[in-house]
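Okay, query_33.txt is below, compact mmCIF, C-alpha atoms and all ligand atoms:
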# COMPACT_ATOMS: atom_id res chain seq x y z
CA MET U 12 30.42 5.15 60.20
CA LYS U 13 33.48 3.47 61.69
CA SER U 14 36.15 3.16 59.01
CA PHE U 15 38.49 0.82 60.85
CA GLN U 16 38.43 -2.55 62.58
CA ILE U 17 40.09 -3.62 65.82
CA ALA U 18 41.75 -7.00 66.22
CA ALA U 19 42.53 -8.21 69.74
CA SER U 20 45.97 -9.82 69.96
CA ILE U 21 45.82 -12.59 72.55
CA LEU U 22 49.59 -12.36 73.15
CA SER U 23 48.87 -10.14 76.16
CA ALA U 24 45.79 -12.08 77.33
CA ASP U 25 45.73 -14.14 80.52
CA MET U 26 46.31 -17.67 79.20
CA ALA U 27 44.83 -19.19 82.35
CA SER U 28 41.44 -17.89 81.23
CA LEU U 29 41.88 -17.52 77.48
CA ALA U 30 38.31 -18.39 76.53
CA ASP U 31 36.94 -15.84 78.98
CA GLN U 32 39.37 -13.19 77.73
CA VAL U 33 38.20 -13.84 74.17
CA ARG U 34 34.53 -13.60 75.18
CA GLN U 35 35.12 -10.34 77.03
CA ALA U 36 36.91 -8.75 74.06
CA GLU U 37 34.13 -9.86 71.71
CA ALA U 38 31.48 -8.42 74.06
CA ALA U 39 33.49 -5.17 74.22
CA GLY U 40 33.19 -4.83 70.43
CA VAL U 41 36.43 -6.03 68.82
CA ASP U 42 36.00 -7.12 65.19
CA ARG U 43 38.44 -10.00 65.00
CA PHE U 44 41.20 -11.87 66.88
CA HIS U 45 44.92 -11.98 66.21
CA VAL U 46 47.11 -14.95 67.11
CA ASP U 47 50.90 -14.57 66.97
CA VAL U 48 53.02 -17.56 66.01
CA MET U 49 56.72 -17.31 66.91
CA ASP U 50 59.39 -19.92 66.28
CA GLY U 51 62.38 -18.71 68.34
CA HIS U 52 64.24 -18.26 65.05
CA PHE U 53 62.64 -15.57 62.89
CA VAL U 54 61.85 -13.87 66.20
CA ALA U 55 63.30 -14.60 69.63
CA SER U 56 60.07 -15.70 71.35
CA LEU U 57 58.05 -18.90 71.17
CA GLY U 58 54.26 -19.45 70.80
CA PHE U 59 51.35 -20.01 69.82
CA SER U 60 50.41 -23.44 68.44
CA PRO U 61 47.39 -24.49 66.35
CA GLU U 62 45.85 -25.76 69.61
CA VAL U 63 45.56 -22.17 70.82
CA VAL U 64 43.80 -21.21 67.58
CA ARG U 65 41.42 -24.13 68.18
CA VAL U 66 40.52 -22.73 71.62
CA VAL U 67 39.81 -19.29 70.15
CA ARG U 68 37.81 -20.86 67.30
CA ARG U 69 35.65 -22.83 69.76
CA THR U 70 35.00 -19.64 71.73
CA THR U 71 34.06 -17.12 69.03
CA GLN U 72 32.77 -16.95 65.50
CA LEU U 73 34.72 -13.75 64.79
CA PRO U 74 37.50 -14.04 62.19
CA ILE U 75 40.94 -15.13 63.42
CA ASP U 76 44.11 -13.74 61.83
CA VAL U 77 47.21 -15.88 62.36
CA HIS U 78 50.44 -13.85 62.19
CA LEU U 79 53.23 -16.28 61.29
CA MET U 80 56.51 -14.86 62.60
CA VAL U 81 58.41 -17.98 61.53
CA THR U 82 61.14 -18.77 59.02
CA ASP U 83 59.03 -21.21 57.01
CA GLY U 84 55.42 -20.04 57.01
CA ASN U 85 54.57 -22.39 54.16
CA GLN U 86 55.23 -25.37 56.43
CA PHE U 87 52.42 -24.38 58.81
CA THR U 88 49.63 -23.19 56.53
CA LYS U 89 47.59 -26.41 56.63
CA SER U 90 47.79 -26.93 60.39
CA PHE U 91 46.64 -23.40 61.23
CA ALA U 92 43.94 -23.45 58.56
CA SER U 93 42.48 -26.68 59.90
CA ALA U 94 42.64 -25.30 63.46
CA GLY U 95 40.19 -22.60 62.39
CA ALA U 96 42.23 -19.63 61.15
CA SER U 97 40.34 -17.27 58.83
CA ARG U 98 43.42 -15.58 57.47
CA LEU U 99 47.13 -16.46 57.41
CA ILE U 100 49.75 -13.72 57.33
CA VAL U 101 53.34 -14.57 56.40
CA HIS U 102 56.43 -12.36 56.63
CA ALA U 103 57.99 -11.20 53.36
CA GLU U 104 61.46 -11.27 54.97
CA ALA U 105 61.12 -14.94 55.87
CA ASP U 106 60.01 -16.26 52.51
CA TRP U 107 62.12 -16.83 49.41
CA HIS U 108 59.07 -17.83 47.41
CA LEU U 109 56.37 -15.48 48.54
CA HIS U 110 54.23 -15.91 45.43
CA ARG U 111 54.14 -19.69 45.91
CA THR U 112 53.33 -19.34 49.61
CA ILE U 113 50.44 -16.98 48.79
CA ASP U 114 49.10 -19.65 46.44
CA SER U 115 49.41 -22.36 49.05
CA VAL U 116 47.56 -20.25 51.64
CA ARG U 117 44.74 -19.76 49.09
CA LEU U 118 44.55 -23.52 48.62
CA THR U 119 43.77 -23.94 52.33
CA GLY U 120 40.68 -21.74 51.89
CA CYS U 121 42.05 -19.02 54.18
CA ASP U 122 42.43 -15.38 53.20
CA VAL U 123 46.03 -14.31 52.76
CA GLY U 124 48.23 -11.51 54.06
CA VAL U 125 51.87 -10.48 54.00
CA ALA U 126 53.67 -8.68 56.84
CA ILE U 127 56.72 -6.43 56.64
CA ASN U 128 59.04 -5.36 59.45
CA PRO U 129 59.91 -1.73 60.24
CA ALA U 130 63.21 -1.99 58.30
CA THR U 131 61.59 -3.50 55.20
CA SER U 132 60.57 -1.38 52.23
CA PRO U 133 57.04 -1.89 50.89
CA MET U 134 58.74 -2.39 47.50
CA VAL U 135 59.19 -6.05 48.41
CA ILE U 136 55.45 -6.58 48.10
CA ASP U 137 54.90 -4.44 44.98
CA GLU U 138 54.43 -7.45 42.71
CA VAL U 139 52.06 -9.37 44.99
CA LEU U 140 49.90 -6.57 46.42
CA PRO U 141 46.96 -7.24 44.05
CA LEU U 142 46.89 -10.86 45.29
CA LEU U 143 46.49 -9.98 48.97
CA ASP U 144 43.54 -9.56 51.33
CA VAL U 145 45.66 -7.72 53.88
CA VAL U 146 49.09 -6.12 54.30
CA LEU U 147 50.45 -6.02 57.83
CA ILE U 148 52.79 -3.13 58.55
CA MET U 149 54.76 -3.91 61.71
CA THR U 150 54.85 -0.74 63.79
CA VAL U 151 57.34 -2.32 66.22
CA ASN U 152 60.03 -4.90 65.64
CA PRO U 153 58.26 -8.25 65.87
CA GLY U 154 58.40 -10.76 68.69
CA PHE U 155 57.09 -9.08 71.82
CA GLY U 156 54.01 -7.28 73.08
CA GLY U 157 54.10 -3.98 74.93
CA GLN U 158 56.69 -2.19 72.78
CA LYS U 159 56.66 1.46 71.74
CA PHE U 160 55.02 2.43 68.44
CA LEU U 161 57.55 3.48 65.76
CA PRO U 162 56.19 6.59 63.97
CA GLU U 163 58.80 6.25 61.21
CA THR U 164 56.68 3.41 59.81
CA LEU U 165 53.83 5.82 58.96
CA PRO U 166 55.10 6.93 55.50
CA LYS U 167 54.90 3.30 54.36
CA LEU U 168 51.23 3.25 55.27
CA GLU U 169 50.61 6.43 53.30
CA ARG U 170 52.38 5.06 50.27
CA LEU U 171 50.48 1.77 50.33
CA ARG U 172 47.15 3.52 50.95
CA GLN U 173 47.73 5.70 47.87
CA ARG U 174 48.37 2.67 45.67
CA ILE U 175 45.40 0.76 47.08
CA GLU U 176 43.10 3.71 46.32
CA ARG U 177 44.64 4.37 42.90
CA GLU U 178 44.23 0.77 41.76
CA GLU U 179 41.00 0.19 43.71
CA LEU U 180 42.47 -2.85 45.44
CA SER U 181 40.39 -4.50 48.16
CA CYS U 182 43.39 -5.14 50.41
CA GLN U 183 43.12 -4.10 54.09
CA LEU U 184 46.00 -2.19 55.71
CA MET U 185 46.77 -3.53 59.16
CA VAL U 186 49.11 -2.11 61.80
CA ASP U 187 50.55 -4.26 64.58
CA GLY U 188 52.64 -3.12 67.53
CA GLY U 189 52.35 -0.30 70.03
CA ILE U 190 48.79 0.58 69.00
CA ASN U 191 46.90 2.31 71.80
CA ALA U 192 44.45 5.16 72.32
CA ASN U 193 47.27 7.68 71.61
CA THR U 194 48.87 6.10 68.54
CA ALA U 195 45.79 4.69 66.77
CA ALA U 196 44.71 8.01 65.26
CA ASN U 197 48.12 8.53 63.60
CA ALA U 198 47.96 5.07 62.06
CA ILE U 199 44.40 5.62 60.80
CA ASN U 200 45.24 9.06 59.41
CA SER U 201 48.15 7.50 57.51
CA GLY U 202 45.86 4.89 55.93
CA ALA U 203 45.51 1.94 58.30
CA ASN U 204 42.05 0.41 58.53
CA LEU U 205 42.78 -2.53 60.82
CA LEU U 206 44.40 -1.98 64.21
CA VAL U 207 45.92 -4.86 66.14
CA ALA U 208 46.10 -4.24 69.87
CA GLY U 209 47.43 -6.57 72.53
CA SER U 210 48.55 -4.74 75.66
CA ALA U 211 46.15 -1.83 74.96
CA ILE U 212 43.27 -4.30 75.37
CA TYR U 213 44.55 -6.90 77.83
CA ALA U 214 47.15 -5.12 79.96
CA THR U 215 45.98 -1.59 80.71
CA GLY U 216 44.83 -2.39 84.23
CA LYS U 217 41.42 -0.90 83.37
CA GLY U 218 39.72 -4.08 82.24
CA ILE U 219 38.95 -5.22 78.73
CA ALA U 220 35.65 -3.36 78.18
CA GLU U 221 37.00 0.05 79.13
CA SER U 222 40.23 -0.51 77.20
CA VAL U 223 38.35 -1.33 73.99
CA ARG U 224 36.15 1.71 74.56
CA ASP U 225 39.27 3.91 74.90
CA LEU U 226 40.63 2.55 71.64
CA HIS U 227 37.39 3.29 69.79
O1 LIG T 1 52.97 -9.33 66.45
C1 LIG T 1 53.02 -8.90 67.57
C2 LIG T 1 54.33 -8.67 68.26
O2 LIG T 1 55.34 -9.01 67.41
C3 LIG T 1 51.75 -8.62 68.26
O3 LIG T 1 50.57 -8.88 67.57
C4 LIG T 1 51.64 -8.09 69.63
O4 LIG T 1 50.62 -8.73 70.35
C5 LIG T 1 51.38 -6.60 69.66
O5 LIG T 1 51.35 -6.23 70.99
P1 LIG T 1 51.10 -4.76 71.51
O6 LIG T 1 49.75 -4.35 70.98
O7 LIG T 1 51.16 -4.89 72.99
O8 LIG T 1 52.21 -3.92 70.95
FE FE T 2 51.11 -9.88 65.55

Now, as a test, write the supplied structure out as structure tokens.
Ligand SMILES: O=C(CO)C(O)[C@H](O)COP(=O)(O)O
Ligand SMILES: [Fe+2]
Amino acid sequence: MKSFQIAASILSADMASLADQVRQAEAAGVDRFHVDVMDGHFVASLGFSPEVVRVVRRTTQLPIDVHLMVTDGNQFTKSFASAGASRLIVHAEADWHLHRTIDSVRLTGCDVGVAINPATSPMVIDEVLPLLDVVLIMTVNPGFGGQKFLPETLPKLERLRQRIEREELSCQLMVDGGINANTAANAINSGANLLVAGSAIYATGKGIAESVRDLH
């Protein structure tokens, strides 16, 4: 049985035909969608708005994870929840009151996740791990698609996987950045069970169906 899920990150999709790109990825067998939100402050890039989540929501019934790479994730929880997000993921580095933000995501009815950057120790989420549905380990520095996977992030995955197993937590372990047919196995072997892929699905030049097949 497959022990991991694949989330398609629409950051690398062709925005001129977003709905079609979502349909093709769903038909190819992805398990969920991933929408990056960037504020030009926490990360250098800009995008995506709740309107983009609405388009994805109208196109598929698969779950949508919203990855909030913004300085004040708490400010946006309601707007992305009402646009159709299934799960909201905030960055630990960007939040002085992570516990409160986790509570306010729960109040929207969405599942909740916390992301950490390559330079951040998983210690920062020690106290909140039992409250989470997913931890997102950034395997590149956030803000852009198409970057190279950083293998030095793998020990964090192993450490978190051990604690999740030891305490029988239900939290998923997600990796985001540089995931492709070559790097996915390393991430899974280190404990990841949810792979986010953007350019490895939408920008391989092989088409979406074959790219998803390669990843599997
Ligand atoms: O959060 C992100 C970048 O900060 C992404 O989800 C991004 O889409 C990953 O892209 P790729 O799979 O091409 O590395
Ligand atoms: Fe992301």

What are the centre and edge lengths in Å, to one decimal, of the axis-aligned box around all listed atoms of ligand LIG 1 (chain T) with 3 Å added on each side, as lines of an AutoDock Vina configuration file?
center_x = 52.5
center_y = -6.6
center_z = 69.7
size_x = 11.6
size_y = 11.4
size_z = 12.5

Please tabulate, as CSV, the residues of range 110-139 of chain U that come within 9 Å of range 155-167 of chain U, each with its closest pair of atoms and the distance in Å to one decimal, counting all atoms listed in the file and ordering rows by chain, then residue number upward.
residue,atom,partner,partner_atom,distance
U:Pro129,CA,U:Thr164,CA,6.1
U:Ala130,CA,U:Thr164,CA,8.6
U:Ser132,CA,U:Lys167,CA,7.7
U:Pro133,CA,U:Lys167,CA,6.6

Give me, please, the distance in Å between CA of Val77 in chain U and CA of Leu180 in chain U, quoted to one decimal.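 So the two atoms, CA of Val77 in chain U and CA of Leu180 in chain U, lie 21.9 Å apart.
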
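With all atoms listed in the file counted, the chains near ligand FE 2 (chain T) contribute these residues within 7 Å: Ser20, His45, Val46, Asp47, His78 and Asp187 of chain U.
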
Quick one: residues within 10 Å of ligand LIG 1 (chain T), with all atoms listed in the file, as a PDB file with C-alpha atoms, in the coordinates of the input?
ATOM      1  CA  ALA U  18      41.750  -7.000  66.220  1.00  0.00           C
ATOM      2  CA  ALA U  19      42.530  -8.210  69.740  1.00  0.00           C
ATOM      3  CA  SER U  20      45.970  -9.820  69.960  1.00  0.00           C
ATOM      4  CA  ILE U  21      45.820 -12.590  72.550  1.00  0.00           C
ATOM      5  CA  LEU U  22      49.590 -12.360  73.150  1.00  0.00           C
ATOM      6  CA  SER U  23      48.870 -10.140  76.160  1.00  0.00           C
ATOM      7  CA  ALA U  24      45.790 -12.080  77.330  1.00  0.00           C
ATOM      8  CA  PHE U  44      41.200 -11.870  66.880  1.00  0.00           C
ATOM      9  CA  HIS U  45      44.920 -11.980  66.210  1.00  0.00           C
ATOM     10  CA  VAL U  46      47.110 -14.950  67.110  1.00  0.00           C
ATOM     11  CA  ASP U  47      50.900 -14.570  66.970  1.00  0.00           C
ATOM     12  CA  VAL U  48      53.020 -17.560  66.010  1.00  0.00           C
ATOM     13  CA  MET U  49      56.720 -17.310  66.910  1.00  0.00           C
ATOM     14  CA  VAL U  54      61.850 -13.870  66.200  1.00  0.00           C
ATOM     15  CA  ALA U  55      63.300 -14.600  69.630  1.00  0.00           C
ATOM     16  CA  SER U  56      60.070 -15.700  71.350  1.00  0.00           C
ATOM     17  CA  ASP U  76      44.110 -13.740  61.830  1.00  0.00           C
ATOM     18  CA  VAL U  77      47.210 -15.880  62.360  1.00  0.00           C
ATOM     19  CA  HIS U  78      50.440 -13.850  62.190  1.00  0.00           C
ATOM     20  CA  LEU U  79      53.230 -16.280  61.290  1.00  0.00           C
ATOM     21  CA  MET U  80      56.510 -14.860  62.600  1.00  0.00           C
ATOM     22  CA  ALA U 126      53.670  -8.680  56.840  1.00  0.00           C
ATOM     23  CA  ASN U 128      59.040  -5.360  59.450  1.00  0.00           C
ATOM     24  CA  LEU U 147      50.450  -6.020  57.830  1.00  0.00           C
ATOM     25  CA  MET U 149      54.760  -3.910  61.710  1.00  0.00           C
ATOM     26  CA  THR U 150      54.850  -0.740  63.790  1.00  0.00           C
ATOM     27  CA  VAL U 151      57.340  -2.320  66.220  1.00  0.00           C
ATOM     28  CA  ASN U 152      60.030  -4.900  65.640  1.00  0.00           C
ATOM     29  CA  PRO U 153      58.260  -8.250  65.870  1.00  0.00           C
ATOM     30  CA  GLY U 154      58.400 -10.760  68.690  1.00  0.00           C
ATOM     31  CA  PHE U 155      57.090  -9.080  71.820  1.00  0.00           C
ATOM     32  CA  GLY U 156      54.010  -7.280  73.080  1.00  0.00           C
ATOM     33  CA  GLY U 157      54.100  -3.980  74.930  1.00  0.00           C
ATOM     34  CA  GLN U 158      56.690  -2.190  72.780  1.00  0.00           C
ATOM     35  CA  LYS U 159      56.660   1.460  71.740  1.00  0.00           C
ATOM     36  CA  PHE U 160      55.020   2.430  68.440  1.00  0.00           C
ATOM     37  CA  VAL U 186      49.110  -2.110  61.800  1.00  0.00           C
ATOM     38  CA  ASP U 187      50.550  -4.260  64.580  1.00  0.00           C
ATOM     39  CA  GLY U 188      52.640  -3.120  67.530  1.00  0.00           C
ATOM     40  CA  GLY U 189      52.350  -0.300  70.030  1.00  0.00           C
ATOM     41  CA  ILE U 190      48.790   0.580  69.000  1.00  0.00           C
ATOM     42  CA  ASN U 191      46.900   2.310  71.800  1.00  0.00           C
ATOM     43  CA  LEU U 206      44.400  -1.980  64.210  1.00  0.00           C
ATOM     44  CA  VAL U 207      45.920  -4.860  66.140  1.00  0.00           C
ATOM     45  CA  ALA U 208      46.100  -4.240  69.870  1.00  0.00           C
ATOM     46  CA  GLY U 209      47.430  -6.570  72.530  1.00  0.00           C
ATOM     47  CA  SER U 210      48.550  -4.740  75.660  1.00  0.00           C
ATOM     48  CA  ALA U 211      46.150  -1.830  74.960  1.00  0.00           C
ATOM     49  CA  ILE U 212      43.270  -4.300  75.370  1.00  0.00           C
ATOM     50  CA  TYR U 213      44.550  -6.900  77.830  1.00  0.00           C
ATOM     51  CA  ALA U 214      47.150  -5.120  79.960  1.00  0.00           C
ATOM     52  CA  THR U 215      45.980  -1.590  80.710  1.00  0.00           C
TER      53      THR U 215
END

Which of these, U:Ser14, U:Thr119, U:Thr131, U:Thr82, has the shortest distance to Leu99 in chain U once you count only C-alpha atoms?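 Looking at the shortest contact to Leu99 in chain U, the residue is U:Thr119.
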
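Counting only C-alpha atoms, Ala103 in chain U has the following residues at most 8 Å away, ignoring those fewer than 3 positions along the same chain: Asp106, Leu109, Val125, Ala126, Ile127, Val135 and Ile136 of chain U.
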
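Between CA of Asp50 in chain U and CA of Arg111 in chain U there is a distance of 21.0 Å.
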